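**Student:** Structure provided below as structure tokens; questions to follow.
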Amino acid sequence: MPFTHDTEDALTSAVALVNSVASTGPAGRTDPEHDVLLDPQEFEEFVDQWEWTGARDHDEAERRAVRALRPRLRALWEADGEDELVVLVNDLLRAGRALPQLVRHDEWDYHLHATSRDAPFATRWMVEAAMAMVDVLRAGEIWRLKICAADDCDDVLIDLSKNRSRRFCDAGCGNRANVAAYRARRKSGDDAARG
């Protein structure tokens, strides 16, 4: 495991937030027109999976603020190298008025929080993601920030594999690529047998 549990959680939740812009729609299919952050109930279900602590307003303004955070976080994956990533991370930390502190709550032992429990929810999410990126940068692991290798997908991912070999997002792109490669090999074999 290259990072601490709280860093991995923050990175994974940032990936989910960035990718939520085109998410699984009602029929269980990926739908580029479906945005789980627009519907209040779907928003709450999406957020609940990350077990956020602290204040929540549960209103449209909070949902709007979280939606506005997506492009700022996506920019972290699209940064052109370490120096640009550092600028973006520092901007997020300044915007969130980050003040790192060790805290212990619920089942979590001591870990870092950089905002108060009363800070706006979107601010807490932004700062948690930025703090996780600090760990990525300090560890020299920016190569773990990837965009899906599928031709028809631009979702982001965090490669937490030991050998940094993950190439596809969680939307099934890896399976589709494997099936396509299998079919191409099979067709090539069939064509060679005929010719």
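Each chain of the structure tokens is named A, B, ... in the order shown, its residues numbered from 1; ligands are numbered from 1 in display order.
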Any idea what's packed within 7 Å of Val127 of chain A, counting only C-alpha atoms, ignoring anything in its chain fewer than 5 positions away? Could you give it as a count of residues only?
**Tutor:** 5
**Student:** Could you pull out the alpha helix (DSSP H) residues of segment 141-189 of chain A from DSSP and send them as a ChimeraX atom specification?
**Tutor:** /A:173-189
**Student:** Those selected residues, please, written with all heavy atoms and delivered as a CSV table (one decimal), in the first residue's frame.
**Tutor:**
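Written out: selection_26.csv:
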chain,number,residue,atom,x,y,z
A,173,CYS,N,-14.4,-0.4,-18.6
A,173,CYS,CA,-13.6,-0.2,-19.8
A,173,CYS,C,-12.5,-1.3,-20.0
A,173,CYS,O,-12.3,-1.7,-21.1
A,173,CYS,CB,-12.9,1.2,-19.7
A,173,CYS,SG,-14.1,2.5,-19.9
A,174,GLY,N,-11.9,-1.8,-18.9
A,174,GLY,CA,-10.9,-2.8,-19.0
A,174,GLY,C,-11.5,-4.1,-19.5
A,174,GLY,O,-10.9,-4.7,-20.4
A,175,ASN,N,-12.7,-4.4,-19.1
A,175,ASN,CA,-13.4,-5.6,-19.6
A,175,ASN,C,-13.7,-5.5,-21.1
A,175,ASN,O,-13.5,-6.4,-21.9
A,175,ASN,CB,-14.7,-5.9,-18.8
A,175,ASN,CG,-14.4,-6.4,-17.4
A,175,ASN,OD1,-13.3,-7.0,-17.2
A,175,ASN,ND2,-15.3,-6.3,-16.5
A,176,ARG,N,-14.2,-4.3,-21.5
A,176,ARG,CA,-14.6,-4.0,-22.9
A,176,ARG,C,-13.3,-4.1,-23.8
A,176,ARG,O,-13.3,-4.7,-24.8
A,176,ARG,CB,-15.2,-2.7,-23.1
A,176,ARG,CG,-16.7,-2.7,-22.6
A,176,ARG,CD,-17.4,-1.4,-23.1
A,176,ARG,NE,-16.8,-0.2,-22.9
A,176,ARG,CZ,-16.9,0.5,-21.7
A,176,ARG,NH1,-17.6,0.0,-20.7
A,176,ARG,NH2,-16.3,1.6,-21.5
A,177,ALA,N,-12.2,-3.6,-23.3
A,177,ALA,CA,-10.9,-3.7,-24.0
A,177,ALA,C,-10.5,-5.1,-24.2
A,177,ALA,O,-10.0,-5.5,-25.2
A,177,ALA,CB,-9.9,-2.8,-23.4
A,178,ASN,N,-10.6,-5.9,-23.1
A,178,ASN,CA,-10.2,-7.3,-23.2
A,178,ASN,C,-11.0,-8.1,-24.1
A,178,ASN,O,-10.5,-8.9,-24.9
A,178,ASN,CB,-10.2,-7.9,-21.8
A,178,ASN,CG,-9.1,-7.4,-20.9
A,178,ASN,OD1,-8.1,-6.9,-21.3
A,178,ASN,ND2,-9.3,-7.5,-19.6
A,179,VAL,N,-12.3,-7.8,-24.1
A,179,VAL,CA,-13.2,-8.5,-25.0
A,179,VAL,C,-12.9,-8.2,-26.5
A,179,VAL,O,-12.8,-9.0,-27.4
A,179,VAL,CB,-14.7,-8.2,-24.7
A,179,VAL,CG1,-15.6,-8.7,-25.8
A,179,VAL,CG2,-15.1,-8.9,-23.4
A,180,ALA,N,-12.7,-6.9,-26.7
A,180,ALA,CA,-12.4,-6.4,-28.1
A,180,ALA,C,-11.0,-7.0,-28.5
A,180,ALA,O,-10.9,-7.5,-29.7
A,180,ALA,CB,-12.3,-4.9,-28.1
A,181,ALA,N,-10.0,-7.1,-27.7
A,181,ALA,CA,-8.8,-7.7,-28.0
A,181,ALA,C,-8.9,-9.2,-28.3
A,181,ALA,O,-8.3,-9.7,-29.3
A,181,ALA,CB,-7.7,-7.5,-26.9
A,182,TYR,N,-9.7,-9.9,-27.5
A,182,TYR,CA,-10.0,-11.3,-27.7
A,182,TYR,C,-10.7,-11.5,-29.1
A,182,TYR,O,-10.2,-12.4,-29.9
A,182,TYR,CB,-10.9,-11.8,-26.6
A,182,TYR,CG,-11.4,-13.2,-26.9
A,182,TYR,CD1,-10.6,-14.4,-26.7
A,182,TYR,CD2,-12.7,-13.4,-27.3
A,182,TYR,CE1,-11.0,-15.6,-27.0
A,182,TYR,CE2,-13.2,-14.7,-27.6
A,182,TYR,CZ,-12.4,-15.8,-27.4
A,182,TYR,OH,-12.8,-17.0,-27.7
A,183,ARG,N,-11.7,-10.7,-29.4
A,183,ARG,CA,-12.4,-10.9,-30.6
A,183,ARG,C,-11.5,-10.6,-31.8
A,183,ARG,O,-11.5,-11.2,-32.8
A,183,ARG,CB,-13.6,-10.0,-30.7
A,183,ARG,CG,-14.7,-10.5,-29.8
A,183,ARG,CD,-15.9,-9.6,-29.8
A,183,ARG,NE,-17.0,-10.1,-28.9
A,183,ARG,CZ,-17.9,-9.4,-28.4
A,183,ARG,NH1,-18.0,-8.1,-28.7
A,183,ARG,NH2,-18.8,-10.0,-27.6
A,184,ALA,N,-10.6,-9.6,-31.7
A,184,ALA,CA,-9.7,-9.3,-32.8
A,184,ALA,C,-8.7,-10.4,-33.0
A,184,ALA,O,-8.4,-10.8,-34.1
A,184,ALA,CB,-8.9,-8.0,-32.4
A,185,ARG,N,-8.2,-11.0,-31.9
A,185,ARG,CA,-7.3,-12.1,-32.0
A,185,ARG,C,-8.0,-13.3,-32.7
A,185,ARG,O,-7.4,-14.0,-33.5
A,185,ARG,CB,-6.7,-12.6,-30.7
A,185,ARG,CG,-5.7,-11.7,-30.1
A,185,ARG,CD,-5.0,-12.2,-28.9
A,185,ARG,NE,-5.9,-12.7,-27.8
A,185,ARG,CZ,-6.3,-11.9,-26.9
A,185,ARG,NH1,-6.0,-10.7,-26.8
A,185,ARG,NH2,-7.1,-12.5,-25.9
A,186,ARG,N,-9.2,-13.5,-32.3
A,186,ARG,CA,-10.0,-14.7,-32.8
A,186,ARG,C,-10.2,-14.5,-34.3
A,186,ARG,O,-10.1,-15.4,-35.1
A,186,ARG,CB,-11.3,-14.8,-32.0
A,186,ARG,CG,-12.0,-16.0,-32.4
A,186,ARG,CD,-13.1,-16.3,-31.4
A,186,ARG,NE,-13.9,-17.4,-31.9
A,186,ARG,CZ,-15.1,-17.6,-31.5
A,186,ARG,NH1,-15.8,-16.8,-30.7
A,186,ARG,NH2,-15.8,-18.7,-32.0
A,187,LYS,N,-10.6,-13.2,-34.7
A,187,LYS,CA,-10.9,-12.9,-36.1
A,187,LYS,C,-9.6,-13.1,-36.9
A,187,LYS,O,-9.6,-13.7,-38.0
A,187,LYS,CB,-11.4,-11.5,-36.2
A,187,LYS,CG,-11.8,-11.2,-37.6
A,187,LYS,CD,-12.4,-9.8,-37.7
A,187,LYS,CE,-12.8,-9.3,-39.0
A,187,LYS,NZ,-12.2,-9.7,-40.2
A,188,SER,N,-8.5,-12.6,-36.3
A,188,SER,CA,-7.2,-12.7,-37.0
A,188,SER,C,-6.8,-14.2,-37.2
A,188,SER,O,-6.4,-14.6,-38.3
A,188,SER,CB,-6.1,-12.0,-36.2
A,188,SER,OG,-4.9,-12.2,-36.8
A,189,GLY,N,-7.1,-15.0,-36.2
A,189,GLY,CA,-6.8,-16.5,-36.3
A,189,GLY,C,-7.7,-17.1,-37.3
A,189,GLY,O,-7.3,-18.0,-38.1
**Student:** Name the residues in contact with Gln41 of chain A at a cut-off of 12 Å, using only C-alpha atoms, excluding same-chain residues fewer than 5 positions from it; report them as a count of residues only.
**Tutor:** 9
**Student:** Can you tell me, as a list in words, what residues are no more than 10 Å from Ala130 of chain A when counting only C-alpha atoms, ignoring any on the same chain fewer than 4 positions away?
**Tutor:** Thr7, Ala10, Leu11, Ala14, Leu73, Leu76, Val86, Leu88, Val89, Asn90, Asp91, Leu92, Leu93, Gly96, Ala98, Ala114, Arg124, Trp125, Met126, Val134, Asp135 and Val136 of chain A
**Student:** Out of segment 15-123 of chain A, which residues get strand (DSSP E) from DSSP, as an NGL selection string?
**Tutor:** :A and (23-24 or 30-31 or 101-105 or 108-113)
